[in-house]
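> Pasting a structure here, questions to come.
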Amino acid sequence: MKALFIGGTGLISSAVTELALRSGIEVYLLNRGSKRGFEESGAHYIVCDIHDEDAVANSIRGMEFDVVADFIAYAPSDVERDYRLFADRTRQYIFISSASAYSKPVMSHPITESHPLGNRFWQYSQLKADCERFLFDKFAEEGFPVTVVRPSHTYGDGKFLVPLSGAKTQWTYLDRILRGAPVVVHGDGKSLWTVTHNTDFAKAFVGLMGNYSAVGQAFHIVSDEALTWDNIISVESRLLGVEPNIVHVASERIARTLPEYYGGLLGDKSESMLFDTSKIKRFVPSFICTTPFSVGIRRSIEAIMSGERIVDESYNARVDLLLSEL
Ligand SMILES: NC(=O)c1ccc[n+]([C@@H]2O[C@H](COP(=O)([O-])OP(=O)(O)OC[C@H]3O[C@@H](n4cnc5c(N)ncnc54)[C@H](OP(=O)(O)O)[C@@H]3O)[C@@H](O)[C@H]2O)c1
């Protein structure tokens, strides 16, 4: 099988690239070449900016693929460009959408793939839903071979989980916990959050590649592990050897002081997100998640502890501003 990944060296896509190469797939990575590590494992690099359509067209001239997957398409203009570039070159096109695109508030659980899309709180999710609509219209009109994948929160080595993300360094979060500074958790901390390790995500993703019965279908790829946010912070704090210092703040209150969190909290993290995973398991029967949160986050913490310990003071200032107003 011959596959082209747009991206391929990012948080989610690097795990997919690694597993695809180990599975014997011939992998081409189209990105700007800032991380070249996969060359040693046999990946071919096409160094290009995906936004330069002419340059991409030139660099793939004469090439055909069994699968093209775009990990960095966020708006209809991105998937329209991909359609122009790849419609005649691939037997399957995989679009990485987001489980945050499901409509909110969620009225019943577990969420299946037929749950309606439409997240009125978060533009990121609305644009992902618009992309899906364009691609499924092309499938209906002319058989464009799209498969849609909707990840929920997917983390990997070196990534930490907190409700208020966005610090420039991961060490910033550990530093707060280690010195006993409060960690803000939205609401009462009891909403349930599904967490998936990128190596588990990759198993289902690679299982969909070249799986042509998955064309015209959407799948969320998530684990069956859902934890309360209080528990997530508690597990992380205890792995760091300290007791958690959680401060609960209503999501609306957080978003009033720090508007950058409005969509991600009200349109995603403030909801319980529990998924029915039977569809992906039906299409990829070998899909089993083997990295529980306590194991994956321990590895993440070890990676962060062994890296540079730089604190993002502007992040701390924003969180402390919120706390000072309570
Ligand atoms: N992680 C989650 O919890 C989660 C949840 C829901 C959905 N998602 C979706 O998952 C996708 C993210 O995948 P990821 O984690 O692999 O991405 P990522 O960590 O953002 O990695 C970006 C990748 O794209 C390449 N890239 C960036 N800008 C480029 C450009 N202009 N031209 C060519 N290549 C470019 C980067 O390499 P270079 O810098 O070398 O170009 C890198 O390979 C997104 O679509 C996101 O919406 C993620």
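For the structure tokens, the naming scheme is as follows: chains receive sequential letters (A, B, ...) according to their order of presentation, residues are indexed from 1 within each chain, and ligands are indexed from 1 in presentation order.
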Residues near region 87-96 of chain A, anyone? I mean within 8 Å using only C-alpha atoms, not counting same-chain ones fewer than 4 positions away, as a VMD selection string.
chain A and resid 63 to 73 82 to 83 132 144 to 151 209 to 210 212 215
> Neighbouring residues of ligand 1 are defined here as those with any atom at most 9 Å from a ligand atom, counting only C-alpha atoms and all ligand atoms; list them as an MDAnalysis selection string.
chainID A and resid 5:16 29:36 47:52 70:74 95:100 124:125 128 149:156 195:196 198
> So that I can see what lies close to Val184 (chain A), please list as a list in words the residues with an atom at most 6 Å from it, counting only C-alpha atoms and leaving out residues fewer than 5 positions away in the same chain.
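The neighbour list is Ile246, Val247 and His248 of chain A.
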> Restricted to C-alpha atoms, what would the selected residues look like written as a PDB file, in the first residue's frame?

ATOM      1  CA  ILE A 246      -7.846  21.880  42.459  1.00  0.00           C
ATOM      2  CA  VAL A 247      -9.926  25.072  42.292  1.00  0.00           C
ATOM      3  CA  HIS A 248     -13.323  24.688  40.646  1.00  0.00           C
TER       4      HIS A 248
END
> Using DSSP secondary structure from the backbone, list all strand (DSSP E) positions within region 53-278 of chain A, as number ranges by chain.
A: 67-70, 93-96, 146-151, 154-155, 183-186, 192-194, 196-197, 218-221, 226-228, 246-249
> The selected residues should be written to file as a JSON list (two decimals), in the first residue's frame (atoms: N, CA and C atoms).

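Just written: again-v3.json:
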[["chain", "number", "residue", "atom", "x", "y", "z"],
["A", 67, "VAL", "N", -3.87, 5.69, -0.50],
["A", 67, "VAL", "CA", -4.49, 6.50, 0.57],
["A", 67, "VAL", "C", -3.79, 7.86, 0.62],
["A", 68, "VAL", "N", -4.59, 8.92, 0.70],
["A", 68, "VAL", "CA", -4.07, 10.24, 1.07],
["A", 68, "VAL", "C", -4.79, 10.65, 2.35],
["A", 69, "ALA", "N", -4.04, 11.03, 3.38],
["A", 69, "ALA", "CA", -4.68, 11.48, 4.64],
["A", 69, "ALA", "C", -4.15, 12.87, 4.95],
["A", 70, "ASP", "N", -5.07, 13.80, 5.15],
["A", 70, "ASP", "CA", -4.66, 15.17, 5.51],
["A", 70, "ASP", "C", -4.93, 15.38, 6.99],
["A", 93, "TYR", "N", -9.39, 8.95, 0.53],
["A", 93, "TYR", "CA", -8.92, 10.21, 1.11],
["A", 93, "TYR", "C", -9.45, 10.25, 2.55],
["A", 94, "ILE", "N", -8.54, 10.36, 3.51],
["A", 94, "ILE", "CA", -8.98, 10.38, 4.92],
["A", 94, "ILE", "C", -8.85, 11.79, 5.46],
["A", 95, "PHE", "N", -9.98, 12.31, 5.95],
["A", 95, "PHE", "CA", -10.01, 13.65, 6.54],
["A", 95, "PHE", "C", -10.05, 13.51, 8.06],
["A", 96, "ILE", "N", -9.13, 14.21, 8.72],
["A", 96, "ILE", "CA", -9.10, 14.18, 10.19],
["A", 96, "ILE", "C", -9.96, 15.33, 10.69],
["A", 146, "VAL", "N", -14.06, 9.43, 0.30],
["A", 146, "VAL", "CA", -13.67, 10.00, 1.59],
["A", 146, "VAL", "C", -14.01, 9.06, 2.76],
["A", 147, "THR", "N", -13.10, 9.01, 3.71],
["A", 147, "THR", "CA", -13.35, 8.42, 5.02],
["A", 147, "THR", "C", -13.06, 9.52, 6.04],
["A", 148, "VAL", "N", -13.99, 9.73, 6.98],
["A", 148, "VAL", "CA", -13.79, 10.78, 7.98],
["A", 148, "VAL", "C", -13.45, 10.14, 9.32],
["A", 149, "VAL", "N", -12.41, 10.69, 9.96],
["A", 149, "VAL", "CA", -11.99, 10.22, 11.28],
["A", 149, "VAL", "C", -12.13, 11.37, 12.27],
["A", 150, "ARG", "N", -12.80, 11.10, 13.39],
["A", 150, "ARG", "CA", -13.03, 12.15, 14.39],
["A", 150, "ARG", "C", -12.32, 11.78, 15.69],
["A", 151, "PRO", "N", -11.10, 12.31, 15.91],
["A", 151, "PRO", "CA", -10.45, 12.06, 17.21],
["A", 151, "PRO", "C", -11.12, 12.89, 18.29],
["A", 154, "THR", "N", -6.62, 13.36, 22.19],
["A", 154, "THR", "CA", -5.58, 12.37, 21.92],
["A", 154, "THR", "C", -4.24, 12.97, 22.34],
["A", 155, "TYR", "N", -3.56, 12.26, 23.20],
["A", 155, "TYR", "CA", -2.29, 12.80, 23.71],
["A", 155, "TYR", "C", -1.18, 11.79, 23.41],
["A", 183, "VAL", "N", -4.68, 24.44, 40.39],
["A", 183, "VAL", "CA", -4.99, 24.04, 39.01],
["A", 183, "VAL", "C", -6.49, 24.26, 38.83],
["A", 184, "VAL", "N", -6.86, 25.07, 37.86],
["A", 184, "VAL", "CA", -8.27, 25.38, 37.65],
["A", 184, "VAL", "C", -8.93, 24.22, 36.90],
["A", 185, "VAL", "N", -10.03, 23.73, 37.47],
["A", 185, "VAL", "CA", -10.87, 22.73, 36.80],
["A", 185, "VAL", "C", -12.25, 23.34, 36.64],
["A", 186, "HIS", "N", -12.79, 23.25, 35.45],
["A", 186, "HIS", "CA", -14.08, 23.88, 35.15],
["A", 186, "HIS", "C", -15.22, 23.14, 35.84],
["A", 192, "LEU", "N", -17.17, 13.90, 32.50],
["A", 192, "LEU", "CA", -16.32, 12.77, 32.08],
["A", 192, "LEU", "C", -15.63, 13.08, 30.76],
["A", 193, "TRP", "N", -14.36, 12.77, 30.70],
["A", 193, "TRP", "CA", -13.54, 13.14, 29.54],
["A", 193, "TRP", "C", -12.84, 11.89, 29.01],
["A", 194, "THR", "N", -13.02, 11.62, 27.74],
["A", 194, "THR", "CA", -12.42, 10.43, 27.13],
["A", 194, "THR", "C", -11.00, 10.76, 26.66],
["A", 196, "THR", "N", -7.34, 9.32, 24.92],
["A", 196, "THR", "CA", -6.83, 8.28, 24.03],
["A", 196, "THR", "C", -5.35, 8.54, 23.77],
["A", 197, "HIS", "N", -4.54, 7.50, 23.90],
["A", 197, "HIS", "CA", -3.12, 7.65, 23.61],
["A", 197, "HIS", "C", -2.90, 7.58, 22.11],
["A", 218, "ALA", "N", -17.97, 7.75, 8.51],
["A", 218, "ALA", "CA", -17.27, 8.53, 9.54],
["A", 218, "ALA", "C", -17.09, 7.66, 10.77],
["A", 219, "PHE", "N", -15.97, 7.85, 11.44],
["A", 219, "PHE", "CA", -15.65, 7.06, 12.64],
["A", 219, "PHE", "C", -15.05, 7.99, 13.70],
["A", 220, "HIS", "N", -15.52, 7.90, 14.95],
["A", 220, "HIS", "CA", -14.66, 8.49, 15.97],
["A", 220, "HIS", "C", -13.68, 7.39, 16.41],
["A", 221, "ILE", "N", -12.43, 7.81, 16.59],
["A", 221, "ILE", "CA", -11.41, 6.87, 17.07],
["A", 221, "ILE", "C", -11.03, 7.33, 18.47],
["A", 226, "ALA", "N", -12.92, 6.86, 30.16],
["A", 226, "ALA", "CA", -13.38, 8.22, 30.45],
["A", 226, "ALA", "C", -13.17, 8.49, 31.94],
["A", 227, "LEU", "N", -12.53, 9.60, 32.25],
["A", 227, "LEU", "CA", -12.22, 9.96, 33.64],
["A", 227, "LEU", "C", -12.86, 11.31, 33.94],
["A", 228, "THR", "N", -13.16, 11.55, 35.22],
["A", 228, "THR", "CA", -13.58, 12.92, 35.55],
["A", 228, "THR", "C", -12.34, 13.81, 35.49],
["A", 246, "ILE", "N", -6.89, 21.55, 43.52],
["A", 246, "ILE", "CA", -7.85, 21.88, 42.46],
["A", 246, "ILE", "C", -8.74, 23.03, 42.90],
["A", 247, "VAL", "N", -8.95, 24.01, 42.03],
["A", 247, "VAL", "CA", -9.93, 25.07, 42.29],
["A", 247, "VAL", "C", -10.99, 24.98, 41.20],
["A", 248, "HIS", "N", -12.23, 24.79, 41.62],
["A", 248, "HIS", "CA", -13.32, 24.69, 40.65],
["A", 248, "HIS", "C", -13.85, 26.08, 40.29],
["A", 249, "VAL", "N", -13.98, 26.31, 39.00],
["A", 249, "VAL", "CA", -14.52, 27.59, 38.53],
["A", 249, "VAL", "C", -15.51, 27.29, 37.40]]
> Have a look at A:Leu164, A:Leu19, A:Gly62, A:Gln170 and name the one nearest to Ala303 (chain A); count only C-alpha atoms.
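Looking only at the distances to Ala303 (chain A), the closest residue turns out to be A:Gln170.
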> Nearest to Ile60 (chain A) among A:Thr169, A:Lys159, A:Tyr28, A:Asp78, with distances taken over only C-alpha atoms: which residue is it?
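Using only C-alpha atoms, the shortest distance to Ile60 (chain A) belongs to A:Tyr28.
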> Region 103-267 of chain A: which residues are alpha helix (DSSP H) by DSSP, as a ChimeraX atom specification?
/A:123-142,171-178,198-208,229-239,251-257,262-264
> Just C-alpha atoms for this one: save the residues we selected as a tab-separated table (two decimals), in the first residue's frame.

chain	number	residue	atom	x	y	z
A	123	GLN	CA	-15.73	27.89	15.40
A	124	TYR	CA	-12.96	25.27	15.09
A	125	SER	CA	-15.62	22.53	15.33
A	126	GLN	CA	-18.05	24.31	13.02
A	127	LEU	CA	-15.36	24.50	10.33
A	128	LYS	CA	-14.53	20.80	10.74
A	129	ALA	CA	-18.25	20.03	10.25
A	130	ASP	CA	-18.29	22.26	7.13
A	131	CYS	CA	-15.30	20.30	5.77
A	132	GLU	CA	-17.14	17.01	6.37
A	133	ARG	CA	-20.22	18.32	4.55
A	134	PHE	CA	-18.18	19.34	1.49
A	135	LEU	CA	-16.46	15.94	1.35
A	136	PHE	CA	-19.61	13.85	1.88
A	137	ASP	CA	-21.37	15.91	-0.83
A	138	LYS	CA	-18.52	15.02	-3.21
A	139	PHE	CA	-18.89	11.37	-2.17
A	140	ALA	CA	-22.65	11.48	-2.87
A	141	GLU	CA	-22.31	13.40	-6.15
A	142	GLU	CA	-19.38	11.57	-7.74
A	171	TRP	CA	6.75	22.09	32.01
A	172	THR	CA	4.58	25.08	32.99
A	173	TYR	CA	1.77	22.74	34.10
A	174	LEU	CA	4.05	20.41	36.06
A	175	ASP	CA	5.75	23.36	37.71
A	176	ARG	CA	2.36	24.71	38.90
A	177	ILE	CA	1.40	21.36	40.41
A	178	LEU	CA	4.81	20.74	41.99
A	198	ASN	CA	-1.79	8.41	20.13
A	199	THR	CA	-0.32	4.89	19.77
A	200	ASP	CA	-3.81	3.43	20.34
A	201	PHE	CA	-5.38	5.95	17.94
A	202	ALA	CA	-2.86	4.83	15.31
A	203	LYS	CA	-4.02	1.20	15.47
A	204	ALA	CA	-7.56	2.07	14.41
A	205	PHE	CA	-6.37	4.64	11.87
A	206	VAL	CA	-3.99	2.25	10.09
A	207	GLY	CA	-6.77	-0.36	10.16
A	208	LEU	CA	-8.97	2.03	8.17
A	229	TRP	CA	-11.41	16.02	35.22
A	230	ASP	CA	-10.84	15.94	38.97
A	231	ASN	CA	-9.51	12.42	38.60
A	232	ILE	CA	-7.26	13.39	35.67
A	233	ILE	CA	-5.61	16.12	37.77
A	234	SER	CA	-5.47	13.82	40.82
A	235	VAL	CA	-3.73	11.01	38.90
A	236	GLU	CA	-1.23	13.48	37.44
A	237	SER	CA	-0.55	15.16	40.80
A	238	ARG	CA	-0.03	11.87	42.61
A	239	LEU	CA	2.37	10.68	39.89
A	251	SER	CA	-16.87	27.41	32.66
A	252	GLU	CA	-18.82	30.60	31.90
A	253	ARG	CA	-16.84	32.45	34.58
A	254	ILE	CA	-13.53	31.24	33.11
A	255	ALA	CA	-14.60	32.29	29.60
A	256	ARG	CA	-15.60	35.78	30.80
A	257	THR	CA	-12.08	36.49	32.06
A	262	TYR	CA	-14.89	29.90	25.48
A	263	GLY	CA	-15.21	27.40	22.60
A	264	GLY	CA	-13.00	24.67	24.01
> Excluding same-chain residues fewer than 6 positions from Arg61 (chain A), what lies within 12 Å of it counting only C-alpha atoms, as a short mmCIF file (atom, residue, chain, number, x, y, z; two decimals) with N, CA and C atoms, in the first residue's frame?

data_model
loop_
_atom_site.label_atom_id
_atom_site.label_comp_id
_atom_site.auth_asym_id
_atom_site.auth_seq_id
_atom_site.Cartn_x
_atom_site.Cartn_y
_atom_site.Cartn_z
N ILE A 46 8.32 14.73 1.12
CA ILE A 46 8.06 15.72 0.08
C ILE A 46 7.99 17.05 0.83
N ASP A 54 0.31 25.15 -6.15
CA ASP A 54 1.08 24.88 -7.37
C ASP A 54 2.31 24.05 -7.06
N ALA A 55 3.00 24.41 -5.96
CA ALA A 55 4.22 23.67 -5.58
C ALA A 55 3.86 22.22 -5.23
N LEU A 85 -6.46 18.60 -5.75
CA LEU A 85 -5.14 17.98 -5.88
C LEU A 85 -5.20 16.45 -5.99
N PHE A 86 -6.13 15.83 -5.24
CA PHE A 86 -6.01 14.37 -5.04
C PHE A 86 -7.15 13.54 -5.61
N ASP A 88 -8.08 12.68 -8.44
CA ASP A 88 -7.72 11.73 -9.50
C ASP A 88 -6.49 10.91 -9.16
N ARG A 89 -6.01 11.03 -7.93
CA ARG A 89 -4.73 10.39 -7.58
C ARG A 89 -4.82 9.37 -6.46
#
> Between CA of Ser41 (chain A) and CA of Phe293 (chain A), what is the distance, to one decimal in Å?
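About the pair CA of Ser41 (chain A) and CA of Phe293 (chain A): they are 27.9 Å apart.
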> Identify which of the residues A:Glu271, A:Asp157, A:Ser213, A:Pro105 lies closest to Thr291 (chain A), counting only C-alpha atoms when measuring atom-to-atom distances.
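Smallest separation from Thr291 (chain A) among the options: A:Asp157.
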